[in-house]
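Coordinates from model-v3.txt are shown below (compact mmCIF, C-alpha atoms).
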# COMPACT_ATOMS: atom_id res chain seq x y z
CA MET N 1 94.32 105.02 74.29
CA ASP N 2 91.59 102.54 75.19
CA LEU N 3 92.72 98.93 75.11
CA THR N 4 90.52 95.96 75.77
CA MET N 5 91.76 93.15 77.94
CA ASP N 6 90.37 90.88 75.23
CA ASP N 7 93.65 91.34 73.38
CA LEU N 8 95.76 90.67 76.46
CA LEU N 9 93.91 88.27 78.72
CA GLY N 10 90.90 87.16 76.75
CA SER N 11 88.41 89.05 78.95
CA GLU N 12 85.96 91.81 78.10
CA ILE N 13 87.27 94.46 80.51
CA THR N 14 88.18 97.78 78.91
CA VAL N 15 91.18 99.58 80.37
CA ASP N 16 91.96 103.23 79.79
CA PHE N 17 95.75 103.45 79.85
CA GLU N 18 95.51 107.23 79.69
CA PHE N 19 95.07 107.17 83.48
CA PHE N 20 98.38 105.34 83.79
CA VAL N 21 100.27 107.64 81.42
CA ALA N 22 98.90 110.83 82.98
CA ALA N 23 99.66 109.69 86.54
CA PHE N 24 103.07 108.31 85.50
CA LEU N 25 104.14 111.62 83.95
CA PHE N 26 102.84 113.61 86.90
CA GLY N 27 104.58 111.31 89.41
CA LEU N 28 107.81 111.47 87.41
CA GLY N 29 107.61 115.26 87.22
CA LEU N 30 106.89 115.69 90.93
CA ALA N 31 109.63 113.29 92.06
CA THR N 32 112.19 114.89 89.76
CA LEU N 33 111.16 118.38 90.85
CA GLY N 34 111.35 117.47 94.56
CA SER N 35 114.73 115.77 94.32
CA GLY N 36 116.03 118.57 92.07
CA LEU N 37 114.99 121.30 94.50
CA PHE N 38 116.52 119.37 97.40
CA THR N 39 119.81 118.81 95.58
CA ALA N 40 120.02 122.34 94.23
CA TYR N 41 119.48 123.80 97.71
CA PHE N 42 121.68 121.50 99.81
CA GLY N 43 124.22 120.43 97.17
CA ALA N 44 127.46 122.15 96.22
CA GLY N 45 129.45 122.22 92.99
CA LYS N 46 128.55 119.36 90.69
CA SER N 47 125.66 118.17 92.86
CA GLN N 48 124.08 121.61 92.71
CA GLN N 49 124.35 121.59 88.92
CA ILE N 50 122.68 118.18 88.83
CA GLY N 51 119.90 119.63 90.98
CA PHE N 52 119.33 122.44 88.48
CA GLY N 53 119.36 119.87 85.67
CA LEU N 54 116.69 117.83 87.46
CA ILE N 55 114.56 120.96 87.94
CA VAL N 56 114.79 121.73 84.22
CA MET N 57 113.85 118.14 83.42
CA ALA N 58 110.87 118.31 85.80
CA ILE N 59 109.68 121.56 84.23
CA LEU N 60 109.94 119.96 80.78
CA VAL N 61 107.98 116.87 81.88
CA LEU N 62 105.25 118.79 83.73
CA GLY N 63 105.10 121.49 81.03
CA GLY N 64 104.89 118.83 78.33
CA GLN N 65 102.07 117.13 80.16
CA TYR N 66 100.22 120.42 80.65
CA HIS N 67 100.63 121.17 76.94
CA GLN N 68 99.47 117.71 75.87
CA THR N 69 96.48 117.82 78.24
CA TYR N 70 95.14 121.37 78.05
CA MET N 71 96.47 122.75 74.73
CA ALA N 72 97.11 119.94 72.28
CA GLU N 73 94.43 117.82 74.02
CA THR N 74 96.24 114.57 73.29
CA PHE N 75 95.34 113.42 76.80
CA ASP N 76 91.84 113.70 78.14
CA GLU N 77 91.50 116.42 80.75
CA ASN N 78 89.17 114.30 82.87
CA SER N 79 91.56 111.34 82.84
CA PHE N 80 94.27 113.55 84.26
CA HIS N 81 91.89 115.03 86.83
CA TYR N 82 90.54 111.68 88.07
CA GLY N 83 93.94 109.99 87.87
CA LEU N 84 95.42 112.69 90.06
CA ILE N 85 92.65 112.40 92.66
CA ALA N 86 92.93 108.60 92.71
CA ALA N 87 96.72 108.60 93.14
CA ALA N 88 96.68 111.33 95.81
CA ALA N 89 93.87 109.66 97.78
CA ALA N 90 95.59 106.27 97.69
CA MET N 91 98.83 107.85 98.88
CA VAL N 92 97.03 109.60 101.76
CA GLY N 93 95.38 106.29 102.69
CA MET N 94 98.74 104.52 102.70
CA VAL N 95 100.35 107.20 104.82
CA ALA N 96 97.43 107.08 107.28
CA SER N 97 97.70 103.29 107.50
CA MET N 98 101.45 103.44 108.02
CA SER N 99 100.99 106.03 110.76
CA VAL N 100 98.48 103.81 112.58
CA VAL N 101 100.84 100.81 112.33
CA LEU N 102 103.85 102.77 113.59
CA PHE N 103 101.88 104.37 116.43
CA ILE N 104 100.58 101.02 117.67
CA LEU N 105 103.98 99.34 117.27
CA MET N 106 105.69 102.07 119.24
CA LYS N 107 103.17 101.67 122.03
CA VAL N 108 103.39 97.88 122.08
CA ASP N 109 107.05 97.27 121.30
CA THR N 110 108.49 99.02 124.36
CA VAL N 111 106.76 96.57 126.69
CA ASP N 112 107.96 93.71 124.50
CA ASP N 113 111.57 94.90 124.79
CA LEU N 114 111.38 95.15 128.55
CA GLU N 115 110.13 91.59 128.75
CA ASP N 116 113.00 90.43 126.56
CA LEU N 117 115.56 91.89 129.00
CA ASP N 118 117.29 89.32 131.22
CA LEU N 119 116.66 90.94 134.58
CA GLU N 120 118.46 88.16 136.52
CA ASP N 121 121.79 89.36 135.17
CA LEU N 122 121.05 92.87 136.39
CA GLU N 123 119.99 91.63 139.83
CA ASP N 124 123.26 89.69 140.23
CA LEU N 125 125.32 92.79 139.57
CA ASP N 126 126.71 94.49 142.71
CA LEU N 127 127.39 97.99 141.52
CA ASP N 128 129.32 99.06 144.65
CA GLU N 129 131.65 96.10 144.30
CA GLU N 130 132.21 96.80 140.60
CA LEU N 131 132.96 100.45 141.41
CA LYS N 132 135.51 99.47 144.07
CA LYS N 133 137.24 97.15 141.62
CA LEU N 134 137.45 99.91 139.05
CA GLU N 135 138.86 102.37 141.61
CA GLU N 136 141.48 99.84 142.70
CA GLU N 137 142.53 99.22 139.10
CA LEU N 138 142.81 102.95 138.48
CA ALA N 139 144.83 103.41 141.69
CA ASP N 140 147.18 100.57 140.68
CA ASP N 141 147.68 102.14 137.29
CA ASP N 142 148.47 105.53 138.86
CA ASN N 143 150.98 103.99 141.30
CA GLY N 144 152.65 102.09 138.49
CA SER N 145 153.09 105.20 136.39
CA GLU N 146 154.40 107.24 139.37
CA ASP N 147 157.00 104.53 140.18
CA THR N 148 158.29 104.43 136.63
CA SER N 149 158.49 108.22 136.35
CA SER N 150 160.35 108.54 139.70
CA GLY N 151 162.69 105.74 138.65
CA ASP N 152 163.50 107.61 135.47
CA ALA N 153 164.20 110.77 137.45
CA ASP N 154 166.57 108.92 139.81
CA GLU N 155 168.46 107.42 136.91
CA GLY N 156 168.84 110.83 135.36
CA GLY N 157 170.14 112.22 138.65
CA ASP N 158 172.81 109.52 138.94
CA GLU N 159 174.14 110.31 135.52
CA GLU N 160 174.61 113.97 136.42
CA MET Y 1 78.45 113.15 97.57
CA SER Y 2 80.36 114.36 94.52
CA ASP Y 3 82.11 111.99 92.13
CA ASP Y 4 85.52 113.34 93.16
CA MET Y 5 84.85 112.69 96.83
CA THR Y 6 83.56 109.19 96.11
CA LEU Y 7 86.68 108.41 94.10
CA ALA Y 8 88.93 109.85 96.82
CA LEU Y 9 87.18 107.86 99.56
CA THR Y 10 87.37 104.66 97.53
CA MET Y 11 91.07 105.00 96.81
CA PHE Y 12 91.79 106.07 100.39
CA THR Y 13 90.15 102.87 101.64
CA VAL Y 14 91.99 100.74 99.08
CA GLY Y 15 95.37 102.28 99.94
CA PHE Y 16 94.67 101.97 103.67
CA ALA Y 17 93.68 98.31 103.33
CA ILE Y 18 96.65 97.34 101.13
CA VAL Y 19 99.23 98.84 103.48
CA MET Y 20 97.49 97.53 106.60
CA LEU Y 21 97.38 93.98 105.19
CA GLY Y 22 100.99 94.16 103.98
CA MET Y 23 102.38 95.60 107.19
CA GLY Y 24 100.24 93.22 109.25
CA ALA Y 25 101.62 90.22 107.36
CA LEU Y 26 105.20 91.43 107.84
CA VAL Y 27 104.76 92.18 111.54
CA ALA Y 28 102.91 88.91 112.19
CA TYR Y 29 105.64 86.92 110.42
CA TYR Y 30 108.75 88.58 111.80
CA GLY Y 31 107.43 89.83 115.14
CA SER Y 32 107.45 88.01 118.44
CA LYS Y 33 105.07 87.90 121.41
CA LYS Y 34 103.05 91.12 121.62
CA THR Y 35 104.35 92.46 118.32
CA ARG Y 36 103.06 89.36 116.54
CA ASN Y 37 99.66 89.83 118.14
CA ALA Y 38 99.68 93.43 116.93
CA GLY Y 39 100.44 92.08 113.43
CA PHE Y 40 97.36 89.87 113.55
CA ALA Y 41 95.34 92.87 114.69
CA PHE Y 42 96.62 94.85 111.68
CA ILE Y 43 95.58 92.03 109.35
CA LEU Y 44 92.13 92.07 110.96
CA ILE Y 45 91.81 95.83 110.49
CA GLY Y 46 92.96 95.45 106.86
CA ALA Y 47 90.41 92.69 106.30
CA VAL Y 48 87.64 94.89 107.73
CA ALA Y 49 88.68 97.77 105.45
CA THR Y 50 88.71 95.39 102.46
CA TRP Y 51 85.28 94.05 103.41
CA TYR Y 52 83.92 97.61 103.69
CA TRP Y 53 85.35 98.52 100.29
CA ASN Y 54 83.86 95.35 98.84
CA THR Y 55 80.38 96.07 100.17
CA GLN Y 56 80.49 99.69 99.01
CA SER Y 57 82.08 99.12 95.64
CA VAL Y 58 81.96 95.61 94.20
CA ALA Y 59 78.67 94.57 95.82
CA GLY Y 60 76.91 97.60 94.39
CA GLY Y 61 77.00 100.10 97.26
CA ALA Y 62 77.52 103.86 97.17
CA TRP Y 63 80.94 103.58 95.49
CA ALA Y 64 79.83 101.29 92.66
CA GLY Y 65 80.29 104.01 90.04
CA VAL Y 66 84.04 104.23 90.53
CA ALA Y 67 86.08 102.66 87.74
CA MET Y 68 88.35 100.62 89.98
CA LEU Y 69 90.68 99.29 87.29
CA ASP Y 70 91.32 102.74 85.84
CA SER Y 71 91.84 104.19 89.31
CA LEU Y 72 94.28 101.44 90.26
CA LEU Y 73 96.10 102.06 86.97
CA ALA Y 74 96.41 105.72 87.92
CA VAL Y 75 97.78 104.81 91.35
CA THR Y 76 100.25 102.35 89.82
CA GLY Y 77 101.27 104.95 87.24
CA GLY Y 78 101.82 107.62 89.89
CA PHE Y 79 104.01 105.33 91.98
CA ALA Y 80 105.91 104.06 88.93
CA GLY Y 81 106.60 107.64 87.84
CA ALA Y 82 107.79 108.62 91.30
CA ILE Y 83 110.08 105.57 91.49
CA VAL Y 84 111.55 106.30 88.05
CA GLY Y 85 112.12 109.92 89.14
CA VAL Y 86 113.97 108.83 92.26
CA ILE Y 87 116.04 106.33 90.23
CA ILE Y 88 117.03 109.11 87.79
CA PHE Y 89 118.04 111.28 90.74
CA LEU Y 90 120.10 108.50 92.33
CA VAL Y 91 121.83 107.57 89.07
CA ALA Y 92 122.71 111.22 88.43
CA ILE Y 93 124.10 111.67 91.95
CA ILE Y 94 126.03 108.37 92.01
CA LYS Y 95 127.58 108.92 88.58
CA SER Y 96 128.76 112.45 89.40
So that I can check it, write out the structure of this file as structure tokens.
Amino acid sequence: MDLTMDDLLGSEITVDFEFFVAAFLFGLGLATLGSGLFTAYFGAGKSQQIGFGLIVMAILVLGGQYHQTYMAETFDENSFHYGLIAAAAAMVGMVASMSVVLFILMKVDTVDDLEDLDLEDLEDLDLDEELKKLEEELADDDNGSEDTSSGDADEGGDEE
Amino acid sequence: MSDDMTLALTMFTVGFAIVMLGMGALVAYYGSKKTRNAGFAFILIGAVATWYWNTQSVAGGAWAGVAMLDSLLAVTGGFAGAIVGVIIFLVAIIKS
């Protein structure tokens, strides 16, 4: 499956697309297997059946790749081996980088948020005064409801 | 160091640098105040990682034997396969 870039870009670089195909099939198989297991375990009814279908598909893809690599030898065993190492290592590197970024952002961002707060508004607030206002409103509401209920009772009494 | 370890270290550095540069650019562009400064720091770290990879690999260092183009193809293939797998899963779930 060797192709030269001469055909594509006019350069002399040789590219082995077997790395791409091997890693593509393995990635497809793993993603399908993971999502299938997840859906089959947590799903119910139709979703669960879809999960089992995805697992079957993953087994077919991974089994087909195993057959083509180690039995039929359509794919080179070394290409699969090195492709797998390259993809896994790059993924680990990306995860490590993302972890570093998130860790630093979490440490830095909290201070940033505190600086963004408008503290003058908070200083102007008199919490005791606000509480008194709320209590007065609640008391007014209670008095209003008691008056109406007693009025209703009186009216009922007159009728009797 | 074995060939496998050399390949793994090379691709680890490449993946680390790519994400650090990408995230640094995003954070530096959209962030404000201290967050933006952190973004510039990420870009700096990514640039250092890229420089280290360059000296070890392209400039003929200890990682010069690694076939970078083939390795990057493998990484691209792995991600493309995973994305296609997730798309198949989503289509199946949404259609049901």
- Item | Nearest residue to Ser32 (chain Y) from the set N:Leu28, N:Val95, N:Ala89, N:Leu105 (distances using all atoms listed in the file) |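 When distances to Ser32 (chain Y) are compared using all atoms listed in the file, the smallest one comes from N:Leu105.
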- Message: I'd like the neighbourhood of region 67-75 of chain Y as a list in words, where a residue qualifies if any of its atoms comes within 7 Å (using all atoms listed in the file), though same-chain residues fewer than 2 positions away should be ignored.
- Response: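 My list of contacting residues is Val15, Asp16, Phe19, Phe20, Ala23, Gly83, Ala86, Ala87 and Ala90 of chain N; Gly65, Gly77, Gly78 and Phe79 of chain Y.
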- Expected answer as a ChimeraX atom specification: chain N residues within 8 Å of chain Y, all atoms listed in the file: /N:15-17,19-32,35-36,46-47,50,54,82-98,101,104-105,108-109,112
- Message: So the first atom is CA of Val61 (chain N) and the second is CA of Phe80 (chain N); what is the distance between them in Å, to one decimal place?
- Response: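 According to the coordinates, CA of Val61 (chain N) and CA of Phe80 (chain N) are separated by 14.3 Å.
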- Query: Rounded to one decimal in Å, what is the spacing between CA of His81 (chain N) and CA of Trp51 (chain Y)?
  - Reply: 27.5 Å
- Enter the distance from CA of Asn143 (chain N) to CA of Glu130 (chain N), in Å, rounded to one decimal. 20.1 Å
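Shortest separation to Asp76 (chain N) among N:Glu18, N:Tyr41, N:Leu134, N:Gly51 occurs at residue N:Glu18, atoms counted being all atoms listed in the file.
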Any chance you could build region 76-92 of chain Y out to N, CA and C atoms and write it as a PDB file, in the coordinates of the input?
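Once everything was written out, this is rebuild-v6.pdb:
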ATOM      1  N   THR Y  76      99.032 103.055  90.233  1.00  0.00           N
ATOM      2  CA  THR Y  76     100.250 102.350  89.820  1.00  0.00           C
ATOM      3  C   THR Y  76     101.136 103.277  88.989  1.00  0.00           C
ATOM      4  N   GLY Y  77     100.508 104.025  88.084  1.00  0.00           N
ATOM      5  CA  GLY Y  77     101.270 104.950  87.240  1.00  0.00           C
ATOM      6  C   GLY Y  77     101.962 106.021  88.060  1.00  0.00           C
ATOM      7  N   GLY Y  78     101.231 106.574  89.035  1.00  0.00           N
ATOM      8  CA  GLY Y  78     101.820 107.620  89.890  1.00  0.00           C
ATOM      9  C   GLY Y  78     103.017 107.097  90.654  1.00  0.00           C
ATOM     10  N   PHE Y  79     102.887 105.907  91.226  1.00  0.00           N
ATOM     11  CA  PHE Y  79     104.010 105.330  91.980  1.00  0.00           C
ATOM     12  C   PHE Y  79     105.172 104.983  91.057  1.00  0.00           C
ATOM     13  N   ALA Y  80     104.850 104.421  89.878  1.00  0.00           N
ATOM     14  CA  ALA Y  80     105.910 104.060  88.930  1.00  0.00           C
ATOM     15  C   ALA Y  80     106.677 105.310  88.498  1.00  0.00           C
ATOM     16  N   GLY Y  81     105.946 106.386  88.228  1.00  0.00           N
ATOM     17  CA  GLY Y  81     106.600 107.640  87.840  1.00  0.00           C
ATOM     18  C   GLY Y  81     107.497 108.168  88.935  1.00  0.00           C
ATOM     19  N   ALA Y  82     106.996 108.128  90.168  1.00  0.00           N
ATOM     20  CA  ALA Y  82     107.790 108.620  91.300  1.00  0.00           C
ATOM     21  C   ALA Y  82     109.053 107.769  91.478  1.00  0.00           C
ATOM     22  N   ILE Y  83     108.909 106.459  91.331  1.00  0.00           N
ATOM     23  CA  ILE Y  83     110.080 105.570  91.490  1.00  0.00           C
ATOM     24  C   ILE Y  83     111.100 105.837  90.396  1.00  0.00           C
ATOM     25  N   VAL Y  84     110.626 106.001  89.156  1.00  0.00           N
ATOM     26  CA  VAL Y  84     111.550 106.300  88.050  1.00  0.00           C
ATOM     27  C   VAL Y  84     112.262 107.630  88.312  1.00  0.00           C
ATOM     28  N   GLY Y  85     111.515 108.625  88.809  1.00  0.00           N
ATOM     29  CA  GLY Y  85     112.120 109.920  89.140  1.00  0.00           C
ATOM     30  C   GLY Y  85     113.216 109.798  90.171  1.00  0.00           C
ATOM     31  N   VAL Y  86     112.963 109.020  91.202  1.00  0.00           N
ATOM     32  CA  VAL Y  86     113.970 108.830  92.260  1.00  0.00           C
ATOM     33  C   VAL Y  86     115.190 108.069  91.705  1.00  0.00           C
ATOM     34  N   ILE Y  87     114.921 107.081  90.831  1.00  0.00           N
ATOM     35  CA  ILE Y  87     116.040 106.330  90.230  1.00  0.00           C
ATOM     36  C   ILE Y  87     116.905 107.264  89.379  1.00  0.00           C
ATOM     37  N   ILE Y  88     116.268 108.140  88.602  1.00  0.00           N
ATOM     38  CA  ILE Y  88     117.030 109.110  87.790  1.00  0.00           C
ATOM     39  C   ILE Y  88     117.896 109.983  88.689  1.00  0.00           C
ATOM     40  N   PHE Y  89     117.304 110.445  89.778  1.00  0.00           N
ATOM     41  CA  PHE Y  89     118.040 111.280  90.740  1.00  0.00           C
ATOM     42  C   PHE Y  89     119.239 110.524  91.307  1.00  0.00           C
ATOM     43  N   LEU Y  90     119.014 109.280  91.722  1.00  0.00           N
ATOM     44  CA  LEU Y  90     120.100 108.500  92.330  1.00  0.00           C
ATOM     45  C   LEU Y  90     121.209 108.214  91.328  1.00  0.00           C
ATOM     46  N   VAL Y  91     120.823 107.854  90.099  1.00  0.00           N
ATOM     47  CA  VAL Y  91     121.830 107.570  89.070  1.00  0.00           C
ATOM     48  C   VAL Y  91     122.665 108.826  88.806  1.00  0.00           C
ATOM     49  N   ALA Y  92     121.987 109.971  88.697  1.00  0.00           N
ATOM     50  CA  ALA Y  92     122.710 111.220  88.430  1.00  0.00           C
ATOM     51  C   ALA Y  92     123.680 111.545  89.565  1.00  0.00           C
TER      52      ALA Y  92
END
